[in-house]
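Raw query.cif, mmCIF, C-alpha atoms; chains and numbers go by the auth columns:
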data_coords
#
loop_
_atom_site.group_PDB
_atom_site.id
_atom_site.type_symbol
_atom_site.label_atom_id
_atom_site.label_comp_id
_atom_site.label_asym_id
_atom_site.label_seq_id
_atom_site.Cartn_x
_atom_site.Cartn_y
_atom_site.Cartn_z
_atom_site.B_iso_or_equiv
_atom_site.auth_seq_id
_atom_site.auth_asym_id
ATOM 1 C CA MET A 1 23.696 10.706 -10.257 0.00 1 A
ATOM 2 C CA MET A 2 21.917 12.217 -7.281 0.00 2 A
ATOM 3 C CA VAL A 3 18.785 10.519 -5.977 0.00 3 A
ATOM 4 C CA ARG A 4 16.428 11.281 -3.140 0.00 4 A
ATOM 5 C CA VAL A 5 16.054 8.177 -0.945 0.00 5 A
ATOM 6 C CA LEU A 6 13.088 7.939 1.434 0.00 6 A
ATOM 7 C CA TYR A 7 12.418 5.564 4.314 0.00 7 A
ATOM 8 C CA PHE A 8 9.098 4.824 5.978 0.00 8 A
ATOM 9 C CA SER A 9 7.744 3.121 9.073 0.00 9 A
ATOM 10 C CA TRP A 10 10.273 1.112 11.115 0.00 10 A
ATOM 11 C CA LEU A 11 12.900 1.499 8.389 0.00 11 A
ATOM 12 C CA ARG A 12 12.793 5.262 8.943 0.00 12 A
ATOM 13 C CA GLU A 13 13.106 4.744 12.699 0.00 13 A
ATOM 14 C CA ARG A 14 15.973 2.282 12.364 0.00 14 A
ATOM 15 C CA ILE A 15 17.945 4.427 9.938 0.00 15 A
ATOM 16 C CA GLY A 16 17.154 7.614 11.825 0.00 16 A
ATOM 17 C CA VAL A 17 16.225 9.952 8.953 0.00 17 A
ATOM 18 C CA PRO A 18 13.078 10.163 6.786 0.00 18 A
ATOM 19 C CA SER A 19 15.014 10.947 3.605 0.00 19 A
ATOM 20 C CA GLU A 20 18.432 11.847 2.266 0.00 20 A
ATOM 21 C CA SER A 21 20.202 12.644 -0.994 0.00 21 A
ATOM 22 C CA ILE A 22 22.547 9.912 -2.176 0.00 22 A
ATOM 23 C CA GLU A 23 25.172 10.077 -4.890 0.00 23 A
ATOM 24 C CA THR A 24 25.135 6.733 -6.675 0.00 24 A
ATOM 25 C CA ASP A 25 25.994 4.996 -9.918 0.00 25 A
ATOM 26 C CA ALA A 26 23.827 1.982 -9.100 0.00 26 A
ATOM 27 C CA VAL A 27 21.815 0.619 -12.019 0.00 27 A
ATOM 28 C CA ARG A 28 19.467 -1.610 -10.013 0.00 28 A
ATOM 29 C CA VAL A 29 17.775 -1.328 -6.622 0.00 29 A
ATOM 30 C CA ASN A 30 19.893 -4.211 -5.296 0.00 30 A
ATOM 31 C CA GLU A 31 23.111 -2.349 -6.048 0.00 31 A
ATOM 32 C CA LEU A 32 21.847 0.761 -4.286 0.00 32 A
ATOM 33 C CA LEU A 33 20.987 -1.397 -1.269 0.00 33 A
ATOM 34 C CA ASP A 34 24.550 -2.750 -1.205 0.00 34 A
ATOM 35 C CA GLU A 35 25.861 0.815 -1.235 0.00 35 A
ATOM 36 C CA LEU A 36 23.487 1.849 1.542 0.00 36 A
ATOM 37 C CA ARG A 37 24.594 -1.088 3.719 0.00 37 A
ATOM 38 C CA GLU A 38 28.148 0.265 3.456 0.00 38 A
ATOM 39 C CA LYS A 39 27.012 3.511 5.081 0.00 39 A
ATOM 40 C CA GLY A 40 27.031 2.026 8.544 0.00 40 A
ATOM 41 C CA GLU A 41 25.648 -0.324 11.141 0.00 41 A
ATOM 42 C CA ARG A 42 22.144 1.241 11.208 0.00 42 A
ATOM 43 C CA TYR A 43 21.752 0.709 7.491 0.00 43 A
ATOM 44 C CA LYS A 44 23.164 -2.802 7.675 0.00 44 A
ATOM 45 C CA LEU A 45 20.619 -3.674 10.362 0.00 45 A
ATOM 46 C CA ALA A 46 17.714 -2.006 8.582 0.00 46 A
ATOM 47 C CA PHE A 47 18.465 -3.795 5.320 0.00 47 A
ATOM 48 C CA ARG A 48 19.619 -7.088 6.810 0.00 48 A
ATOM 49 C CA GLN A 49 16.597 -8.911 5.515 0.00 49 A
ATOM 50 C CA THR A 50 15.057 -7.879 2.210 0.00 50 A
ATOM 51 C CA SER A 51 12.568 -10.669 1.444 0.00 51 A
ATOM 52 C CA SER A 52 9.595 -8.528 2.484 0.00 52 A
ATOM 53 C CA LEU A 53 11.137 -5.137 1.746 0.00 53 A
ATOM 54 C CA CYS A 54 9.135 -2.944 -0.646 0.00 54 A
ATOM 55 C CA VAL A 55 10.556 -0.343 -2.982 0.00 55 A
ATOM 56 C CA ALA A 56 8.985 2.468 -5.004 0.00 56 A
ATOM 57 C CA ILE A 57 10.818 4.142 -7.869 0.00 57 A
ATOM 58 C CA ASN A 58 9.470 7.609 -8.662 0.00 58 A
ATOM 59 C CA GLN A 59 6.415 6.705 -6.545 0.00 59 A
ATOM 60 C CA GLU A 60 5.633 3.478 -8.453 0.00 60 A
ATOM 61 C CA LEU A 61 6.083 0.060 -6.830 0.00 61 A
ATOM 62 C CA GLY A 62 9.053 -1.851 -8.187 0.00 62 A
ATOM 63 C CA ASP A 63 11.260 -4.704 -7.074 0.00 63 A
ATOM 64 C CA MET A 64 14.879 -5.309 -6.131 0.00 64 A
ATOM 65 C CA ASP A 65 15.854 -5.819 -9.789 0.00 65 A
ATOM 66 C CA SER A 66 14.179 -2.634 -11.035 0.00 66 A
ATOM 67 C CA ASP A 67 16.264 -0.232 -13.086 0.00 67 A
ATOM 68 C CA ILE A 68 16.913 3.024 -11.252 0.00 68 A
ATOM 69 C CA THR A 69 18.962 4.915 -13.830 0.00 69 A
ATOM 70 C CA GLU A 70 16.017 7.249 -14.543 0.00 70 A
ATOM 71 C CA ALA A 71 15.003 7.591 -10.902 0.00 71 A
ATOM 72 C CA ASP A 72 14.783 10.856 -8.990 0.00 72 A
ATOM 73 C CA GLU A 73 13.119 9.386 -5.935 0.00 73 A
ATOM 74 C CA ILE A 74 13.489 5.904 -4.435 0.00 74 A
ATOM 75 C CA ALA A 75 11.565 4.850 -1.342 0.00 75 A
ATOM 76 C CA PHE A 76 12.077 1.814 0.880 0.00 76 A
ATOM 77 C CA PHE A 77 9.400 0.552 3.242 0.00 77 A
ATOM 78 C CA PRO A 78 7.934 -2.549 4.894 0.00 78 A
ATOM 79 C CA PRO A 79 4.691 -4.087 3.549 0.00 79 A
ATOM 80 C CA MET A 80 1.867 -1.556 3.615 0.00 80 A
ATOM 81 C CA THR A 81 -0.902 -1.671 6.223 0.00 81 A
ATOM 82 C CA GLY A 82 -3.592 0.706 5.040 0.00 82 A
ATOM 83 C CA GLY A 83 -7.357 0.485 5.147 0.00 83 A
ATOM 84 C CA MET B 1 -14.190 10.157 -8.641 0.00 1 B
ATOM 85 C CA LYS B 2 -13.117 11.874 -5.469 0.00 2 B
ATOM 86 C CA LEU B 3 -10.167 11.104 -3.224 0.00 3 B
ATOM 87 C CA SER B 4 -9.122 12.764 -0.004 0.00 4 B
ATOM 88 C CA VAL B 5 -6.066 11.780 2.056 0.00 5 B
ATOM 89 C CA GLN B 6 -6.399 13.884 5.158 0.00 6 B
ATOM 90 C CA GLU B 7 -5.399 14.261 8.783 0.00 7 B
ATOM 91 C CA GLU B 8 -8.626 15.782 10.076 0.00 8 B
ATOM 92 C CA PRO B 9 -11.738 13.727 10.935 0.00 9 B
ATOM 93 C CA PHE B 10 -14.590 13.456 8.440 0.00 10 B
ATOM 94 C CA PHE B 11 -18.325 13.058 8.919 0.00 11 B
ATOM 95 C CA PRO B 12 -19.491 9.891 7.129 0.00 12 B
ATOM 96 C CA ASP B 13 -23.187 10.837 7.087 0.00 13 B
ATOM 97 C CA GLY B 14 -22.519 14.082 5.279 0.00 14 B
ATOM 98 C CA LYS B 15 -20.046 12.508 2.856 0.00 15 B
ATOM 99 C CA ILE B 16 -22.389 9.639 1.974 0.00 16 B
ATOM 100 C CA GLY B 17 -25.382 11.961 1.687 0.00 17 B
ATOM 101 C CA HIS B 18 -23.532 14.205 -0.715 0.00 18 B
ATOM 102 C CA PHE B 19 -22.193 11.260 -2.726 0.00 19 B
ATOM 103 C CA SER B 20 -25.665 9.743 -2.918 0.00 20 B
ATOM 104 C CA ASN B 21 -27.282 12.890 -4.332 0.00 21 B
ATOM 105 C CA LEU B 22 -24.910 13.390 -7.219 0.00 22 B
ATOM 106 C CA ASN B 23 -26.409 11.233 -9.943 0.00 23 B
ATOM 107 C CA GLN B 24 -29.945 10.246 -10.866 0.00 24 B
ATOM 108 C CA GLU B 25 -28.945 7.096 -12.776 0.00 25 B
ATOM 109 C CA THR B 26 -27.548 5.501 -9.623 0.00 26 B
ATOM 110 C CA GLY B 27 -29.485 2.493 -8.407 0.00 27 B
ATOM 111 C CA ALA B 28 -27.070 1.245 -5.749 0.00 28 B
ATOM 112 C CA ILE B 29 -24.513 2.711 -3.374 0.00 29 B
ATOM 113 C CA VAL B 30 -22.222 0.568 -1.228 0.00 30 B
ATOM 114 C CA THR B 31 -20.231 2.169 1.575 0.00 31 B
ATOM 115 C CA PHE B 32 -17.492 0.779 3.789 0.00 32 B
ATOM 116 C CA LEU B 33 -16.319 2.544 6.928 0.00 33 B
ATOM 117 C CA GLY B 34 -13.112 1.322 8.590 0.00 34 B
ATOM 118 C CA LYS B 35 -12.592 2.224 12.244 0.00 35 B
ATOM 119 C CA VAL B 36 -9.873 2.175 14.897 0.00 36 B
ATOM 120 C CA ARG B 37 -10.551 -0.805 17.122 0.00 37 B
ATOM 121 C CA SER B 38 -9.329 -1.553 20.637 0.00 38 B
ATOM 122 C CA ASP B 39 -8.894 -5.083 21.973 0.00 39 B
ATOM 123 C CA PRO B 40 -10.098 -5.956 25.492 0.00 40 B
ATOM 124 C CA GLU B 41 -6.816 -7.871 26.150 0.00 41 B
ATOM 125 C CA ASN B 42 -4.560 -5.093 24.924 0.00 42 B
ATOM 126 C CA HIS B 43 -6.174 -1.706 25.295 0.00 43 B
ATOM 127 C CA LEU B 44 -5.147 0.586 22.465 0.00 44 B
ATOM 128 C CA ASP B 45 -4.378 4.155 23.484 0.00 45 B
ATOM 129 C CA TYR B 46 -4.076 5.453 19.950 0.00 46 B
ATOM 130 C CA MET B 47 -2.849 4.690 16.477 0.00 47 B
ATOM 131 C CA LEU B 48 -0.381 6.642 14.349 0.00 48 B
ATOM 132 C CA ILE B 49 -0.804 6.309 10.597 0.00 49 B
ATOM 133 C CA GLU B 50 2.139 7.311 8.427 0.00 50 B
ATOM 134 C CA HIS B 51 1.901 7.639 4.657 0.00 51 B
ATOM 135 C CA TYR B 52 3.942 8.579 1.603 0.00 52 B
ATOM 136 C CA PRO B 53 2.552 11.934 0.380 0.00 53 B
ATOM 137 C CA GLY B 54 2.365 11.962 -3.402 0.00 54 B
ATOM 138 C CA MET B 55 2.596 8.231 -3.905 0.00 55 B
ATOM 139 C CA THR B 56 -0.444 7.632 -1.690 0.00 56 B
ATOM 140 C CA GLU B 57 -2.664 9.755 -3.919 0.00 57 B
ATOM 141 C CA LYS B 58 -1.234 8.284 -7.134 0.00 58 B
ATOM 142 C CA ALA B 59 -1.641 4.691 -5.941 0.00 59 B
ATOM 143 C CA ILE B 60 -5.230 5.197 -4.764 0.00 60 B
ATOM 144 C CA GLU B 61 -6.274 7.123 -7.884 0.00 61 B
ATOM 145 C CA LYS B 62 -4.999 4.225 -9.974 0.00 62 B
ATOM 146 C CA MET B 63 -7.069 1.715 -7.936 0.00 63 B
ATOM 147 C CA MET B 64 -10.153 3.911 -8.216 0.00 64 B
ATOM 148 C CA ALA B 65 -9.773 4.304 -11.988 0.00 65 B
ATOM 149 C CA GLU B 66 -9.388 0.527 -12.313 0.00 66 B
ATOM 150 C CA ALA B 67 -12.518 -0.077 -10.202 0.00 67 B
ATOM 151 C CA VAL B 68 -14.563 2.423 -12.222 0.00 68 B
ATOM 152 C CA LYS B 69 -13.469 0.791 -15.466 0.00 69 B
ATOM 153 C CA ARG B 70 -13.876 -2.827 -14.380 0.00 70 B
ATOM 154 C CA TRP B 71 -17.305 -2.500 -12.757 0.00 71 B
ATOM 155 C CA LYS B 72 -18.545 0.402 -14.886 0.00 72 B
ATOM 156 C CA LEU B 73 -19.155 2.438 -11.768 0.00 73 B
ATOM 157 C CA ILE B 74 -21.036 5.691 -11.975 0.00 74 B
ATOM 158 C CA ASP B 75 -18.785 7.143 -9.294 0.00 75 B
ATOM 159 C CA CYS B 76 -16.543 6.298 -6.356 0.00 76 B
ATOM 160 C CA LEU B 77 -15.226 8.058 -3.286 0.00 77 B
ATOM 161 C CA VAL B 78 -12.267 7.292 -1.002 0.00 78 B
ATOM 162 C CA ILE B 79 -11.374 9.196 2.154 0.00 79 B
ATOM 163 C CA HIS B 80 -8.354 7.902 4.109 0.00 80 B
ATOM 164 C CA ARG B 81 -6.930 9.510 7.206 0.00 81 B
ATOM 165 C CA TYR B 82 -3.397 9.647 8.552 0.00 82 B
ATOM 166 C CA GLY B 83 -1.881 10.957 11.779 0.00 83 B
ATOM 167 C CA LYS B 84 -3.101 10.233 15.304 0.00 84 B
ATOM 168 C CA LEU B 85 -6.383 8.352 15.707 0.00 85 B
ATOM 169 C CA VAL B 86 -8.013 7.027 18.890 0.00 86 B
ATOM 170 C CA PRO B 87 -10.284 3.965 19.178 0.00 87 B
ATOM 171 C CA GLY B 88 -13.739 4.649 17.798 0.00 88 B
ATOM 172 C CA GLU B 89 -12.512 7.109 15.173 0.00 89 B
ATOM 173 C CA ASP B 90 -13.080 6.507 11.466 0.00 90 B
ATOM 174 C CA ILE B 91 -9.990 5.708 9.374 0.00 91 B
ATOM 175 C CA VAL B 92 -11.325 5.094 5.902 0.00 92 B
ATOM 176 C CA LEU B 93 -14.521 5.566 3.917 0.00 93 B
ATOM 177 C CA VAL B 94 -15.084 3.896 0.556 0.00 94 B
ATOM 178 C CA ALA B 95 -18.260 4.525 -1.437 0.00 95 B
ATOM 179 C CA THR B 96 -19.122 3.125 -4.844 0.00 96 B
ATOM 180 C CA SER B 97 -22.171 3.766 -6.986 0.00 97 B
ATOM 181 C CA SER B 98 -23.547 1.840 -9.925 0.00 98 B
ATOM 182 C CA LYS B 99 -26.821 1.047 -11.665 0.00 99 B
ATOM 183 C CA HIS B 100 -27.169 -2.301 -9.864 0.00 100 B
ATOM 184 C CA ARG B 101 -25.912 -3.526 -6.494 0.00 101 B
ATOM 185 C CA ARG B 102 -23.536 -6.345 -7.523 0.00 102 B
ATOM 186 C CA GLU B 103 -21.051 -4.018 -9.222 0.00 103 B
ATOM 187 C CA ALA B 104 -21.041 -1.583 -6.314 0.00 104 B
ATOM 188 C CA PHE B 105 -20.463 -4.391 -3.772 0.00 105 B
ATOM 189 C CA GLU B 106 -17.607 -5.952 -5.703 0.00 106 B
ATOM 190 C CA ALA B 107 -15.901 -2.666 -6.481 0.00 107 B
ATOM 191 C CA ALA B 108 -15.974 -1.611 -2.808 0.00 108 B
ATOM 192 C CA ASP B 109 -14.523 -4.994 -1.807 0.00 109 B
ATOM 193 C CA TYR B 110 -11.792 -4.633 -4.450 0.00 110 B
ATOM 194 C CA LEU B 111 -10.908 -1.112 -3.332 0.00 111 B
ATOM 195 C CA MET B 112 -10.604 -2.158 0.305 0.00 112 B
ATOM 196 C CA ASP B 113 -8.371 -5.121 -0.580 0.00 113 B
ATOM 197 C CA PHE B 114 -6.041 -2.832 -2.505 0.00 114 B
ATOM 198 C CA LEU B 115 -6.109 -0.051 0.098 0.00 115 B
ATOM 199 C CA LYS B 116 -4.993 -2.626 2.703 0.00 116 B
ATOM 200 C CA SER B 117 -1.809 -3.691 0.989 0.00 117 B
ATOM 201 C CA ARG B 118 -1.088 -1.481 -2.035 0.00 118 B
ATOM 202 C CA ALA B 119 -1.589 2.024 -0.685 0.00 119 B
ATOM 203 C CA PRO B 120 1.505 3.309 1.144 0.00 120 B
ATOM 204 C CA PHE B 121 0.162 3.620 4.689 0.00 121 B
ATOM 205 C CA TRP B 122 1.751 2.165 7.821 0.00 122 B
ATOM 206 C CA LYS B 123 -0.009 1.841 11.159 0.00 123 B
ATOM 207 C CA LYS B 124 1.657 1.997 14.533 0.00 124 B
ATOM 208 C CA GLU B 125 -0.270 1.015 17.653 0.00 125 B
ATOM 209 C CA ILE B 126 0.457 2.648 20.978 0.00 126 B
ATOM 210 C CA SER B 127 -0.922 0.692 23.936 0.00 127 B
ATOM 211 C CA GLN B 128 -0.138 -0.010 27.585 0.00 128 B
ATOM 212 C CA ASN B 129 2.299 -2.686 26.327 0.00 129 B
ATOM 213 C CA GLY B 130 4.312 -0.119 24.413 0.00 130 B
ATOM 214 C CA GLU B 131 4.356 0.728 20.730 0.00 131 B
ATOM 215 C CA ALA B 132 4.443 -1.602 17.751 0.00 132 B
ATOM 216 C CA TRP B 133 4.122 -1.308 13.994 0.00 133 B
ATOM 217 C CA VAL B 134 1.176 -3.300 12.690 0.00 134 B
ATOM 218 C CA GLU B 135 2.459 -6.214 10.624 0.00 135 B
ATOM 219 C CA SER B 136 0.950 -6.973 7.264 0.00 136 B
ATOM 220 C CA LYS B 137 -1.101 -10.151 7.159 0.00 137 B
ATOM 221 C CA GLU B 138 -0.600 -12.903 4.623 0.00 138 B
ATOM 222 C CA ILE B 139 -4.377 -13.138 4.276 0.00 139 B
ATOM 223 C CA ASP B 140 -4.471 -9.534 3.016 0.00 140 B
ATOM 224 C CA GLU B 141 -1.851 -10.292 0.396 0.00 141 B
ATOM 225 C CA LEU B 142 -3.709 -13.454 -0.670 0.00 142 B
ATOM 226 C CA ALA B 143 -6.935 -11.469 -0.940 0.00 143 B
ATOM 227 C CA LEU B 144 -5.473 -9.622 -3.944 0.00 144 B
ATOM 228 C CA ASP B 145 -5.359 -12.892 -5.915 0.00 145 B
ATOM 229 C CA ARG B 146 -9.150 -12.872 -6.006 0.00 146 B
ATOM 230 C CA TRP B 147 -9.056 -9.947 -8.411 0.00 147 B
ATOM 231 C CA LYS B 148 -6.645 -11.337 -11.006 0.00 148 B
#
Would you mind writing the file's structure down as structure tokens?
Amino acid sequence: MMVRVLYFSWLRERIGVPSESIETDAVRVNELLDELREKGERYKLAFRQTSSLCVAINQELGDMDSDITEADEIAFFPPMTGG
Amino acid sequence: MKLSVQEEPFFPDGKIGHFSNLNQETGAIVTFLGKVRSDPENHLDYMLIEHYPGMTEKAIEKMMAEAVKRWKLIDCLVIHRYGKLVPGEDIVLVATSSKHRREAFEAADYLMDFLKSRAPFWKKEISQNGEAWVESKEIDELALDRWK
């Protein structure tokens, strides 16, 4: 399946693009992350540490075990700093 | 309920005045205005606020609906800016209205706690020492536990 993957804040800067389309058969967020790390050094560095990484699936917060088989849009970002 | 996620500045006096005149059953209005602050030790040139268009609105609307339901608010208003902001500028305005003050105070407090760490905004500070993304604070995450 084809999903739109978005990156924000320093993840966007480290990876170098704000979003991209990815062809994946990953079932869970973790599996997609493993595939992304294979894409190159920038991805490996950006996703080296995932303990504080946030993910949104179709614009709803999820976690690394969330199912993504119904997802059109998956976003990765560091903890939010609004307000 | 009214939400605006916008790049352009807003005028708090006008927004609060308008909000205040909408309903005759209102006995209390609480407002919170968050501003860009500069530190004397590290002078801030400006701040860049990035957000996730679409998700930002959805996430904040959900918080507002929850606040209205939980504290039986008459109304609430959130304005949150993104883009480039210099010290002294307003970032966020939260206003809540209810029959009595306690509900309006608590709901505004709740909304600010959730805007801090559950609305997809990220702040970058540009100062004489270079640029740095603002890190989330553990205390902001812990603050959410108060509302469980």
Cut-off 8 Å: closest chain A/chain B atom pairs per residue, using all atoms listed in the file, as JSON lines:
{"residue": "A:Phe8", "atom": "CA", "partner": "B:Tyr52", "partner_atom": "CA", "distance": 7.7}
{"residue": "A:Ser9", "atom": "CA", "partner": "B:Trp122", "partner_atom": "CA", "distance": 6.2}
{"residue": "A:Trp10", "atom": "CA", "partner": "B:Trp133", "partner_atom": "CA", "distance": 7.2}
{"residue": "A:Gln59", "atom": "CA", "partner": "B:Met55", "partner_atom": "CA", "distance": 4.9}
{"residue": "A:Glu60", "atom": "CA", "partner": "B:Met55", "partner_atom": "CA", "distance": 7.2}
{"residue": "A:Pro79", "atom": "CA", "partner": "B:Ser136", "partner_atom": "CA", "distance": 6.0}
{"residue": "A:Met80", "atom": "CA", "partner": "B:Ser117", "partner_atom": "CA", "distance": 5.0}
{"residue": "A:Thr81", "atom": "CA", "partner": "B:Trp122", "partner_atom": "CA", "distance": 4.9}
{"residue": "A:Gly82", "atom": "CA", "partner": "B:Lys116", "partner_atom": "CA", "distance": 4.3}
{"residue": "A:Gly83", "atom": "CA", "partner": "B:Lys116", "partner_atom": "CA", "distance": 4.6}
Would you write out those residues with C-alpha atoms, as a PDB file, in the frame of the given file?
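Full text of result.pdb as output:
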ATOM      1  CA  PHE A   8       9.098   4.824   5.978  1.00  0.00           C
ATOM      2  CA  SER A   9       7.744   3.121   9.073  1.00  0.00           C
ATOM      3  CA  TRP A  10      10.273   1.112  11.115  1.00  0.00           C
ATOM      4  CA  GLN A  59       6.415   6.705  -6.545  1.00  0.00           C
ATOM      5  CA  GLU A  60       5.633   3.478  -8.453  1.00  0.00           C
ATOM      6  CA  PRO A  79       4.691  -4.087   3.549  1.00  0.00           C
ATOM      7  CA  MET A  80       1.867  -1.556   3.615  1.00  0.00           C
ATOM      8  CA  THR A  81      -0.902  -1.671   6.223  1.00  0.00           C
ATOM      9  CA  GLY A  82      -3.592   0.706   5.040  1.00  0.00           C
ATOM     10  CA  GLY A  83      -7.357   0.485   5.147  1.00  0.00           C
TER      11      GLY A  83
END
Excluding same-chain residues fewer than 5 positions from Ile29 in chain B, what lies within 12 Å of it counting only C-alpha atoms, as an mmCIF file with C-alpha atoms, in the coordinates of the input?
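This is the output file around12.cif:
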data_model
loop_
_atom_site.group_PDB
_atom_site.id
_atom_site.type_symbol
_atom_site.label_atom_id
_atom_site.label_comp_id
_atom_site.auth_asym_id
_atom_site.auth_seq_id
_atom_site.Cartn_x
_atom_site.Cartn_y
_atom_site.Cartn_z
ATOM 1 C CA ILE B 16 -22.389 9.639 1.974
ATOM 2 C CA GLY B 17 -25.382 11.961 1.687
ATOM 3 C CA HIS B 18 -23.532 14.205 -0.715
ATOM 4 C CA PHE B 19 -22.193 11.260 -2.726
ATOM 5 C CA SER B 20 -25.665 9.743 -2.918
ATOM 6 C CA ASN B 21 -27.282 12.890 -4.332
ATOM 7 C CA LEU B 22 -24.910 13.390 -7.219
ATOM 8 C CA ASN B 23 -26.409 11.233 -9.943
ATOM 9 C CA GLN B 24 -29.945 10.246 -10.866
ATOM 10 C CA LEU B 73 -19.155 2.438 -11.768
ATOM 11 C CA ILE B 74 -21.036 5.691 -11.975
ATOM 12 C CA ASP B 75 -18.785 7.143 -9.294
ATOM 13 C CA CYS B 76 -16.543 6.298 -6.356
ATOM 14 C CA LEU B 77 -15.226 8.058 -3.286
ATOM 15 C CA VAL B 94 -15.084 3.896 0.556
ATOM 16 C CA ALA B 95 -18.260 4.525 -1.437
ATOM 17 C CA THR B 96 -19.122 3.125 -4.844
ATOM 18 C CA SER B 97 -22.171 3.766 -6.986
ATOM 19 C CA SER B 98 -23.547 1.840 -9.925
ATOM 20 C CA LYS B 99 -26.821 1.047 -11.665
ATOM 21 C CA HIS B 100 -27.169 -2.301 -9.864
ATOM 22 C CA ARG B 101 -25.912 -3.526 -6.494
ATOM 23 C CA ARG B 102 -23.536 -6.345 -7.523
ATOM 24 C CA GLU B 103 -21.051 -4.018 -9.222
ATOM 25 C CA ALA B 104 -21.041 -1.583 -6.314
ATOM 26 C CA PHE B 105 -20.463 -4.391 -3.772
ATOM 27 C CA GLU B 106 -17.607 -5.952 -5.703
ATOM 28 C CA ALA B 107 -15.901 -2.666 -6.481
ATOM 29 C CA ALA B 108 -15.974 -1.611 -2.808
#
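Once Pro78 in chain A and its same-chain neighbours fewer than 2 positions away are set aside, A:Ser52, A:Leu53, A:Cys54, A:Met80 remain within 7 Å of it when counting all atoms listed in the file.
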**Message:** Please list as a PyMOL selection string every residue within 6 Å of range 61-68 of chain A, counting only C-alpha atoms and excluding residues in the same chain fewer than 6 positions away.
**Reply:** chain A and resi 27-30+55
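Distance cut-off 6 Å, centre (15.2, 4.4, -1.0), atoms counted all atoms listed in the file; the residues meeting this are Val5, Leu6, Ile74, Ala75 and Phe76 of chain A.
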**Request:** Point out the residue among A:Ser51, A:Arg12, A:Phe77, A:Thr69 with the least atom-to-atom distance to Glu31 in chain A, counting only C-alpha atoms.
**Result:**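 For Glu31 in chain A, the nearest of the given residues is A:Thr69.
Note that CA of Arg48 in chain A and CA of Leu33 in chain A are 10.0 Å apart.
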**Complete:** Computed gap from CA of Leu3 in chain B to CA of Arg4 in chain A is 26.6 Å
**Asked** If you measure from CA of Met64 in chain B to CA of Val36 in chain B, what distance in Å do you get, rounded to one decimal?
**Response** 23.2 Å
Axis-aligned box for all listed atoms of range 91-110 of chain B, 8 Å per side, centre and edges in Å to one decimal, as JSON:
{"center_x": -18.6, "center_y": -0.3, "center_z": -1.1, "size_x": 33.2, "size_y": 28.1, "size_z": 37.0}
